[in-house]
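**Student:** Structure incoming, see below.
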Amino acid sequence: MTSGDNVPADGYIIESYNLHTNSFVFTGESKPERKEAKNIAEENLPIADIENMIFAGEQVTMGEAKAVVTGTGMKTELGKIAKLATEVADELTPLQKKMRTLGKDVSILAIAIAALVLLAGGFQHLSWYQNFLFALAIAVSVVPEGLPAAMSVALSLGMRRLLKNNVLVKKLIAVETLGSVNVICTDKTGTITKNELMVTKIILDDKEIEISGEGYNPVGKFLVDNKPVNPQEIKNLDLILKIGALCNDANLTREGENYKIIGDPTEGALIVAARKYSSDEKFFGAGEMKIGENPFESERMRMSVMYERCEVGSEKCERFSYVKGSPDVLLGLSPKKLTREGIVPFSEEEKKETKKIYDEMSARALRVLAFAYRPFDNVDKKNYQNKSAAAKALADKSERELIWVGMMAMIDPPRVDVAKAIEECQRSGIKVIMITGDYEVTAEAIAEKVGLISHNMPARLASRLEAGGEHGTHNSFVINGKDLNLLKGNEIITRIKQGVNVFARITPEQKLRIAGVLKKSGAVIAMTGDGVNDAPALKKADIGVAMGKIGTDVSKEASDMILLDDNFASIVSGIREGRTIYQNIRKFIYYVLSSNASEFLTVIFGTLLLIPAPITAVQILAIDLGTDVFPSLALGVEPAETGNMKRKPFNPKERLIGSFGFGRLVYVGLIMATGAIIAFLWSMKRGGWYFGERIDFSSALYIKSTAATYAVLSMTQMANLMQARSEKLSVFKIGFFTNLWLIGSIFISVGMLLAFMHVPFFQKYLHMAPIDGWDWLVVAGATLAVFIFEEARKAEKA
C-alpha cells in the first residue's frame, strides 16, 4: 500500500516506511497518525496493538507498507461496528407517543359519546335503527379522520422543504421530532468546521499577516492590522510561501465547485495559501528543478527538498535546500534569519521571543510550522540522489546552518454561518454540546470562536501556558474522556446544567453513553456523526444526523437524516422546519376537534331542548369528509409563525391538546353550536313549527332547517380555520393571504356547501335544500361571532 490507497482489510504491518494513515472513519478526526511494523515478541506488545495494525476504511496519506490480512468483510473492525449498530433497538418518536395517547383518548371519548347519544335518542322519538345510525355518526364525527392524510402531507412537504436546505430526511416521522429537540450533540470536525485545514496566520520577521478564506478554496485576502494589503508588496512573503509549496507532496484538485486535497491535509493547507498569493500553480518553482528530497520523519520533525536553478544559456547553477518542520527544532538549526534588511544573525533572545509567539499560537489550537532555507554551492546532484554515505551526509548538512524565514499557523476554522446558528439555538432554548475526539485545547478554541463558551480566552491562555503541554488544563466548560469515565450519569447531567458545552478526547463508546444519559434525563437529542463508530450513538439518539460528504455508509444507514452539505447550520434549519410542522399538526388537531365539538354540542343542545335533531347523521359525515377535508390539509402547509425559533422547544411530555387547548376548542365549539341551534330554530319557527310539535323528518321545512344548521357549522368552521392558524397571533398580524392554499380551500368548501344545497344529486342523498336570506343572515352573524370572539381572546392574551 502506498500514499492515496484505501485500506481494504484489517491486517498486521510487517514492513513500513514512514507510514501515516487517516483514521477519520473511526475517530472523526482527520489528523494522520503514524504506524509502523513492530516485533511483537521482542517488544512484548499485545497482538492487537493499534500502532502496528491497519484497519479497513482507513486511508494511507504518506509512506508505504506491507501487511498480513487478519480480517475481511464483517470480520473487520468496520464490520463489527456495523453489526453493533443494527442491535440498537428503534424507539418511538415523541410525536408517535403523543399520537398513541391522543388515539386512546379519542377512542374512549367517541365510545362514551356514542353511548350517551344512544341513550338520549330515546327522548327524540327515533327508531332504534335511526338512533343507532345517529350515535354512530356522532362517534365518527369525534374522530379526526383526516389526521393521517394531513400529517402525511405536512411531513412530506416538510421533507421537500428540508431538501432545499441540504437536509435529506430518511424517515418521515423524523421531520416532526426535530421540533421537539432541546439538545444538539454535534461533532467538531466536518460539522462545526469544514474538516479542511487552512493557513490563517504568517509570522514573517516582526510582521504578523492574516489570511482570510474558507477551507481549501484558494481565494482569500492577506491582511495586516485587519487591513487588506497587496501580498506582492510584502517582502519575503513569496519566499516563505515558496518553501511551503515546494517542500510538499500534496496536490490541490478541483471537483466541480469543490476543492480537494490529495495527500497530507497540513501540506494541502500550505498549497492553498500559496495559491491565494498566486493562482498560477507553477508560479513557485518556475525555472527550478527538484534534485532531491529528505522526507519527513517523526524523529527529525522536519522535511527538506533540494532545488536547482540554472541561468538560461549558462552552466552556472544555484542550489537551495528548503526546509519545513517543528519550530522548536528549526530554531535550534538556524543561526541566522531573514529580515527586510537581509540576512542577519539570529540571537538567543530573538529565538526566545519567537518561541513565545509559537507557544501562544499553539495554545490557541493553531498547528504551527516553521520554514527555513540554505544555499548550497558546488553540490553534485548525483551525490544527493544516490544512497551512499556521502549522500546521507549531504542530506543531513542540507538541514543545518539554516536561515530562518518565518512560521505559518493553521487550523480547521469554523464554518462562516455556524456561530449565527448556535446563537439562534441558544435563543430558542436548545442546548448545543460539542463532542469531539480532538484535544481539549483545540475543542475549546473552536468552541470559543463559535460562541459555545464565554469569550475569556486570555485568562485561559495564561493558565495553559503556565501549565504547558498540548492537552490543556481542566476548566468549567470542557470535560475530557478521562474525566468522563469518573463521572456518574447524574453527575454528567449536573455538569451540563452548570455550563459544560464541550466533551473532548471522547471515544465513540463514550459518545453512546452521553446519548443514553441525556435521553434518560428526558432530553430530546439530535446527535451528529460521520465515522463508523458513531453508528450506535446515531441509532440511540432521537434524531441521528449523518454527514453527506464525509460520512461513512454505515453512519448514513444508522441515521434518520443526512446533511448533504455537512453544515451545522442545516441542522438548525431542520429544527426550524420541524417546529413549524409540529405547530401545524397541533393546529390541524385543534381545528378538527373544535369543529367536531361544535357538531357534538349541536346534537346535545337539541336533545336538552327536546327539539328534533338539528342535523342529520349523513350531514355530520358530509362535514367531516367533505367541507372540512381541504381546510384541514391547508393548515398542514401553514408558514412558520413569527418568532418560531424564539420560543422554547416543545415539551415531549406535553399533550398535543393541553388543558388550555381543550378549553379553547370547547368554548369555540359552544359559539358555533349556539349559532347552529339559533339558525335551526329560527328556520323552523318561520315555517310554522312550535315547541313540542312532532315533525316529519322528510318534510321540506325540516330539510331546509337542517340545511341552515349545516350552513352555520360549515361557515363558522371557515372562521375557525382562519383563527386556528395561530394560538396567540391575530389574523391581521399574520396576514390573510400568507397561505394561499388555505384561501383556496375556503373557496372549495364554500363551493361544496352551495353544491350540496342546490345540486339535485346531493340534495337527494344529503337531505339538503337551499336556504333563504334570513338564514344566510344568521350564518353571517355566527361566522363573525367566532372570528370576533377569537380576536378578542388573542388581544387579551397579547
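By order in the C-alpha cells, chains are A, B, ...; within a chain, residues start at 1; ligands start at 1, following the order shown.
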Can you pull out the residues contacting region 7-18 of chain A? Cut-off 7 Å, using only C-alpha atoms, and skip same-chain residues under 4 positions away; I want them as a PDB file with N, CA and C atoms, in the first residue's frame.

**Tutor:**
ATOM      1  N   GLU A  36       3.705   1.790  12.316  1.00  0.00           N
ATOM      2  CA  GLU A  36       4.926   1.140  11.879  1.00  0.00           C
ATOM      3  C   GLU A  36       4.921  -0.325  12.281  1.00  0.00           C
ATOM      4  N   ALA A  37       5.719  -1.095  11.546  1.00  0.00           N
ATOM      5  CA  ALA A  37       5.872  -2.515  11.863  1.00  0.00           C
ATOM      6  C   ALA A  37       6.648  -2.665  13.160  1.00  0.00           C
ATOM      7  N   ASN A  52       0.628  -1.061  15.258  1.00  0.00           N
ATOM      8  CA  ASN A  52       1.196  -1.982  14.262  1.00  0.00           C
ATOM      9  C   ASN A  52       0.102  -2.679  13.459  1.00  0.00           C
ATOM     10  N   MET A  53      -1.096  -2.036  13.437  1.00  0.00           N
ATOM     11  CA  MET A  53      -2.214  -2.584  12.661  1.00  0.00           C
ATOM     12  C   MET A  53      -2.818  -1.520  11.761  1.00  0.00           C
ATOM     13  N   ILE A  54      -3.362  -1.961  10.646  1.00  0.00           N
ATOM     14  CA  ILE A  54      -4.163  -1.101   9.784  1.00  0.00           C
ATOM     15  C   ILE A  54      -5.567  -1.690   9.731  1.00  0.00           C
ATOM     16  N   PHE A  55      -6.545  -0.834   9.458  1.00  0.00           N
ATOM     17  CA  PHE A  55      -7.936  -1.269   9.513  1.00  0.00           C
ATOM     18  C   PHE A  55      -8.676  -0.863   8.249  1.00  0.00           C
ATOM     19  N   ALA A  56      -9.583  -1.716   7.827  1.00  0.00           N
ATOM     20  CA  ALA A  56     -10.402  -1.433   6.649  1.00  0.00           C
ATOM     21  C   ALA A  56     -11.124  -0.105   6.837  1.00  0.00           C
ATOM     22  N   GLY A  57     -11.075   0.734   5.808  1.00  0.00           N
ATOM     23  CA  GLY A  57     -11.712   2.040   5.871  1.00  0.00           C
ATOM     24  C   GLY A  57     -10.731   3.180   6.069  1.00  0.00           C
ATOM     25  N   GLU A  58      -9.527   2.862   6.565  1.00  0.00           N
ATOM     26  CA  GLU A  58      -8.504   3.903   6.706  1.00  0.00           C
ATOM     27  C   GLU A  58      -7.919   4.253   5.344  1.00  0.00           C
ATOM     28  N   GLN A  59      -7.243   5.401   5.288  1.00  0.00           N
ATOM     29  CA  GLN A  59      -6.600   5.834   4.048  1.00  0.00           C
ATOM     30  C   GLN A  59      -5.131   6.130   4.329  1.00  0.00           C
ATOM     31  N   MET A  62       0.578   8.918   3.710  1.00  0.00           N
ATOM     32  CA  MET A  62       2.009   9.096   3.496  1.00  0.00           C
ATOM     33  C   MET A  62       2.714   7.761   3.703  1.00  0.00           C
ATOM     34  N   GLY A  63       3.784   7.539   2.950  1.00  0.00           N
ATOM     35  CA  GLY A  63       4.601   6.346   3.122  1.00  0.00           C
ATOM     36  C   GLY A  63       4.033   5.133   2.433  1.00  0.00           C
ATOM     37  N   GLU A  64       4.563   3.983   2.809  1.00  0.00           N
ATOM     38  CA  GLU A  64       4.120   2.724   2.223  1.00  0.00           C
ATOM     39  C   GLU A  64       4.316   1.611   3.224  1.00  0.00           C
ATOM     40  N   ALA A  65       3.626   0.475   2.981  1.00  0.00           N
ATOM     41  CA  ALA A  65       3.700  -0.633   3.934  1.00  0.00           C
ATOM     42  C   ALA A  65       3.207  -1.920   3.302  1.00  0.00           C
ATOM     43  N   LYS A  66       3.586  -3.038   3.944  1.00  0.00           N
ATOM     44  CA  LYS A  66       3.046  -4.351   3.632  1.00  0.00           C
ATOM     45  C   LYS A  66       2.408  -4.889   4.898  1.00  0.00           C
ATOM     46  N   ALA A  67       1.332  -5.652   4.744  1.00  0.00           N
ATOM     47  CA  ALA A  67       0.624  -6.158   5.915  1.00  0.00           C
ATOM     48  C   ALA A  67       0.065  -7.543   5.644  1.00  0.00           C
ATOM     49  N   VAL A  68      -0.114  -8.296   6.727  1.00  0.00           N
ATOM     50  CA  VAL A  68      -0.754  -9.608   6.662  1.00  0.00           C
ATOM     51  C   VAL A  68      -2.224  -9.429   7.028  1.00  0.00           C
ATOM     52  N   VAL A  69      -3.124  -9.835   6.151  1.00  0.00           N
ATOM     53  CA  VAL A  69      -4.558  -9.651   6.370  1.00  0.00           C
ATOM     54  C   VAL A  69      -5.045 -10.522   7.519  1.00  0.00           C
ATOM     55  N   THR A  70      -5.807  -9.893   8.439  1.00  0.00           N
ATOM     56  CA  THR A  70      -6.361 -10.628   9.584  1.00  0.00           C
ATOM     57  C   THR A  70      -7.883 -10.678   9.572  1.00  0.00           C
ATOM     58  N   GLY A  71      -8.504  -9.882   8.743  1.00  0.00           N
ATOM     59  CA  GLY A  71      -9.962  -9.895   8.704  1.00  0.00           C
ATOM     60  C   GLY A  71     -10.500  -9.162   7.505  1.00  0.00           C
ATOM     61  N   THR A  72     -11.568  -9.691   6.929  1.00  0.00           N
ATOM     62  CA  THR A  72     -12.230  -9.042   5.795  1.00  0.00           C
ATOM     63  C   THR A  72     -13.731  -8.991   6.048  1.00  0.00           C
ATOM     64  N   THR A  76     -13.975  -7.568   9.977  1.00  0.00           N
ATOM     65  CA  THR A  76     -13.112  -6.422  10.266  1.00  0.00           C
ATOM     66  C   THR A  76     -13.724  -5.611  11.399  1.00  0.00           C
ATOM     67  N   GLU A 297      10.256  12.744   8.895  1.00  0.00           N
ATOM     68  CA  GLU A 297      10.311  11.641   9.843  1.00  0.00           C
ATOM     69  C   GLU A 297      10.036  12.203  11.228  1.00  0.00           C
TER      70      GLU A 297
END

**Student:** Would you list the contacts of region 304-311 of chain A as a ChimeraX atom specification, taking every protein, DNA or RNA residue within 9 Å and counting only C-alpha atoms, but skipping same-chain residues closer than 4 positions in sequence?

**Tutor:** /A:246-248,285-296,315-325,373,381,384,395,398-399

**Student:** Write out, as a short mmCIF file (atom, residue, chain, number, x, y, z; two decimals), in the first residue's frame, the residues just selected, with N, CA and C atoms.

**Tutor:**
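The result, stored in again16.cif:
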data_model
loop_
_atom_site.label_atom_id
_atom_site.label_comp_id
_atom_site.auth_asym_id
_atom_site.auth_seq_id
_atom_site.Cartn_x
_atom_site.Cartn_y
_atom_site.Cartn_z
N LEU A 246 7.00 24.12 -2.26
CA LEU A 246 7.97 23.20 -2.85
C LEU A 246 8.32 22.05 -1.91
N CYS A 247 8.38 22.33 -0.62
CA CYS A 247 8.67 21.28 0.36
C CYS A 247 7.35 20.60 0.70
N ASN A 248 6.82 19.86 -0.28
CA ASN A 248 5.42 19.46 -0.20
C ASN A 248 5.15 18.30 -1.15
N GLY A 285 8.57 27.94 -7.94
CA GLY A 285 9.39 26.87 -8.52
C GLY A 285 9.63 27.02 -9.99
N ALA A 286 9.15 28.12 -10.60
CA ALA A 286 9.39 28.33 -12.03
C ALA A 286 10.89 28.51 -12.26
N GLY A 287 11.41 27.76 -13.21
CA GLY A 287 12.84 27.83 -13.51
C GLY A 287 13.70 27.02 -12.57
N GLU A 288 13.09 26.30 -11.63
CA GLU A 288 13.85 25.47 -10.70
C GLU A 288 13.48 24.00 -10.89
N MET A 289 14.41 23.14 -10.58
CA MET A 289 14.18 21.71 -10.75
C MET A 289 14.54 20.98 -9.45
N LYS A 290 13.65 20.10 -9.04
CA LYS A 290 13.88 19.33 -7.82
C LYS A 290 14.93 18.26 -8.08
N ILE A 291 15.96 18.24 -7.22
CA ILE A 291 17.03 17.26 -7.42
C ILE A 291 17.15 16.28 -6.25
N GLY A 292 16.39 16.50 -5.20
CA GLY A 292 16.45 15.56 -4.08
C GLY A 292 15.45 15.91 -3.00
N GLU A 293 15.19 14.95 -2.11
CA GLU A 293 14.23 15.12 -1.03
C GLU A 293 14.66 14.32 0.18
N ASN A 294 14.51 14.92 1.34
CA ASN A 294 14.74 14.25 2.62
C ASN A 294 13.39 14.18 3.33
N PRO A 295 12.64 13.06 3.22
CA PRO A 295 11.25 13.00 3.69
C PRO A 295 11.11 13.30 5.18
N PHE A 296 9.88 13.66 5.54
CA PHE A 296 9.57 13.92 6.94
C PHE A 296 9.66 12.64 7.75
N GLU A 315 25.99 27.58 -17.74
CA GLU A 315 26.15 26.36 -16.94
C GLU A 315 26.15 26.65 -15.45
N LYS A 316 26.11 27.93 -15.12
CA LYS A 316 26.12 28.33 -13.72
C LYS A 316 24.76 28.03 -13.09
N CYS A 317 24.78 27.30 -12.00
CA CYS A 317 23.53 26.91 -11.32
C CYS A 317 23.63 27.22 -9.83
N GLU A 318 22.48 27.53 -9.25
CA GLU A 318 22.38 27.73 -7.81
C GLU A 318 21.52 26.61 -7.23
N ARG A 319 21.93 26.16 -6.06
CA ARG A 319 21.17 25.09 -5.42
C ARG A 319 20.78 25.54 -4.01
N PHE A 320 19.51 25.22 -3.66
CA PHE A 320 18.97 25.63 -2.37
C PHE A 320 18.32 24.44 -1.68
N SER A 321 18.43 24.40 -0.38
CA SER A 321 17.70 23.43 0.44
C SER A 321 16.56 24.18 1.13
N TYR A 322 15.34 23.73 0.90
CA TYR A 322 14.16 24.33 1.53
C TYR A 322 13.66 23.38 2.61
N VAL A 323 13.48 23.91 3.82
CA VAL A 323 13.17 23.06 4.98
C VAL A 323 11.90 23.57 5.68
N LYS A 324 11.07 22.62 6.09
CA LYS A 324 9.92 22.93 6.95
C LYS A 324 9.89 21.92 8.08
N GLY A 325 9.37 22.33 9.23
CA GLY A 325 9.31 21.42 10.36
C GLY A 325 8.84 22.09 11.62
N TYR A 373 15.72 27.98 4.99
CA TYR A 373 16.40 27.53 3.77
C TYR A 373 17.90 27.74 3.95
N LYS A 381 24.54 16.96 -7.86
CA LYS A 381 23.21 16.41 -7.60
C LYS A 381 23.18 14.89 -7.65
N TYR A 384 23.56 13.66 -4.25
CA TYR A 384 22.37 13.88 -3.44
C TYR A 384 21.32 12.80 -3.71
N ALA A 395 22.57 15.17 2.83
CA ALA A 395 21.19 15.40 3.22
C ALA A 395 21.11 15.98 4.63
N SER A 398 22.16 19.55 4.58
CA SER A 398 21.18 20.45 3.95
C SER A 398 20.15 20.96 4.95
N GLU A 399 20.10 20.35 6.12
CA GLU A 399 19.12 20.77 7.14
C GLU A 399 19.80 21.46 8.33
#

**Student:** Distance table requested - region 497-585 of chain A against region 637-649 of chain A, cut-off 9 Å, only C-alpha atoms: one row per qualifying residue with the closest atom pair and its distance in Å to one decimal, ordered by chain and rising residue number, as a tab-separated table.

**Tutor:**
residue	atom	partner	partner_atom	distance
A:Ile575	CA	A:Met645	CA	8.6
A:Arg576	CA	A:Met645	CA	6.4
A:Glu577	CA	A:Ala640	CA	7.8
A:Arg579	CA	A:Asn644	CA	7.3
A:Thr580	CA	A:Ala640	CA	5.2
A:Ile581	CA	A:Val637	CA	8.1
A:Gln583	CA	A:Ala640	CA	8.5
A:Asn584	CA	A:Glu638	CA	6.6

**Student:** Keeping only N, CA, C and O atoms, write the selected residues to a file as a PDB file, in the first residue's frame.

**Tutor:**
ATOM      1  N   ILE A 575     -34.513  22.008  12.441  1.00  0.00           N
ATOM      2  CA  ILE A 575     -35.275  22.218  13.683  1.00  0.00           C
ATOM      3  C   ILE A 575     -36.350  23.276  13.462  1.00  0.00           C
ATOM      4  O   ILE A 575     -37.486  23.135  13.936  1.00  0.00           O
ATOM      5  N   ARG A 576     -36.010  24.335  12.735  1.00  0.00           N
ATOM      6  CA  ARG A 576     -36.990  25.385  12.437  1.00  0.00           C
ATOM      7  C   ARG A 576     -38.171  24.793  11.665  1.00  0.00           C
ATOM      8  O   ARG A 576     -39.335  25.081  11.970  1.00  0.00           O
ATOM      9  N   GLU A 577     -37.870  23.959  10.682  1.00  0.00           N
ATOM     10  CA  GLU A 577     -38.930  23.326   9.893  1.00  0.00           C
ATOM     11  C   GLU A 577     -39.716  22.339  10.745  1.00  0.00           C
ATOM     12  O   GLU A 577     -40.947  22.241  10.640  1.00  0.00           O
ATOM     13  N   ARG A 579     -40.258  22.476  13.957  1.00  0.00           N
ATOM     14  CA  ARG A 579     -41.155  23.227  14.843  1.00  0.00           C
ATOM     15  C   ARG A 579     -42.395  23.694  14.093  1.00  0.00           C
ATOM     16  O   ARG A 579     -43.512  23.653  14.628  1.00  0.00           O
ATOM     17  N   THR A 580     -42.195  24.138  12.874  1.00  0.00           N
ATOM     18  CA  THR A 580     -43.341  24.585  12.062  1.00  0.00           C
ATOM     19  C   THR A 580     -44.304  23.438  11.822  1.00  0.00           C
ATOM     20  O   THR A 580     -45.530  23.591  11.956  1.00  0.00           O
ATOM     21  N   ILE A 581     -43.765  22.278  11.475  1.00  0.00           N
ATOM     22  CA  ILE A 581     -44.617  21.119  11.208  1.00  0.00           C
ATOM     23  C   ILE A 581     -45.358  20.685  12.466  1.00  0.00           C
ATOM     24  O   ILE A 581     -46.557  20.379  12.430  1.00  0.00           O
ATOM     25  N   GLN A 583     -46.178  22.548  15.027  1.00  0.00           N
ATOM     26  CA  GLN A 583     -47.233  23.534  15.274  1.00  0.00           C
ATOM     27  C   GLN A 583     -48.410  23.321  14.337  1.00  0.00           C
ATOM     28  O   GLN A 583     -49.579  23.414  14.758  1.00  0.00           O
ATOM     29  N   ASN A 584     -48.123  23.026  13.077  1.00  0.00           N
ATOM     30  CA  ASN A 584     -49.202  22.817  12.106  1.00  0.00           C
ATOM     31  C   ASN A 584     -50.032  21.584  12.442  1.00  0.00           C
ATOM     32  O   ASN A 584     -51.247  21.561  12.228  1.00  0.00           O
TER      33      ASN A 584
END

**Student:** So which bits of region 92-276 of chain A end up strand (DSSP E) when you DSSP the backbone, as a PyMOL selection string?

**Tutor:** chain A and resi 167-169+183-186+198-204+207-211+222-224+227-229+251-255+258-262

**Student:** For region 527-530 of chain A, please output as a list of chain:residue names all residues within 6 Å (counting only C-alpha atoms; exclusion window: fewer than 6 positions along the same chain).

**Tutor:** A:Cys185, A:Thr186, A:Leu538, A:Ala541, A:Gly544, A:Val545, A:Ala546, A:Met547, A:Gly551, A:Thr552, A:Ser555

**Student:** What's around Ala149 (chain A) at 10 Å? Count only C-alpha atoms, leave out sequence neighbours fewer than 4 positions away in its own chain, and write the answer as a list in words.

**Tutor:** Glu145, Val153, Ala154, Leu155, Val629, Ser632, Leu633 and Gly636 of chain A

**Student:** Looking at A:Trp774, A:Phe605, A:Tyr259, A:Phe283, which one is nearest to Arg686 (chain A), with distances taken over only C-alpha atoms?

**Tutor:** A:Trp774

**Student:** Point out the residue among A:Ile496, A:Ala447, A:Leu610, A:Leu338 with the least atom-to-atom distance to Arg364 (chain A), counting only C-alpha atoms.

**Tutor:**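 Residue with the minimum atom-to-atom distance to Arg364 (chain A): A:Ala447.
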
**Student:** Excluding same-chain residues fewer than 3 positions from Arg400 (chain A), what lies within 12 Å of it counting only C-alpha atoms, as a list in words?

**Tutor:**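 Near neighbours after the sequence-gap exclusion: Arg300, Arg302, Met303, Ser304, Ser321, Tyr322, Val323, Val329, Leu330, Leu331, Gly332, Leu333, Ser334, Pro335, Lys336, Ala372, Tyr373, Arg374, Pro375, Phe376, Ala393, Leu394, Ala395, Asp396, Lys397, Ile403 and Trp404 of chain A.
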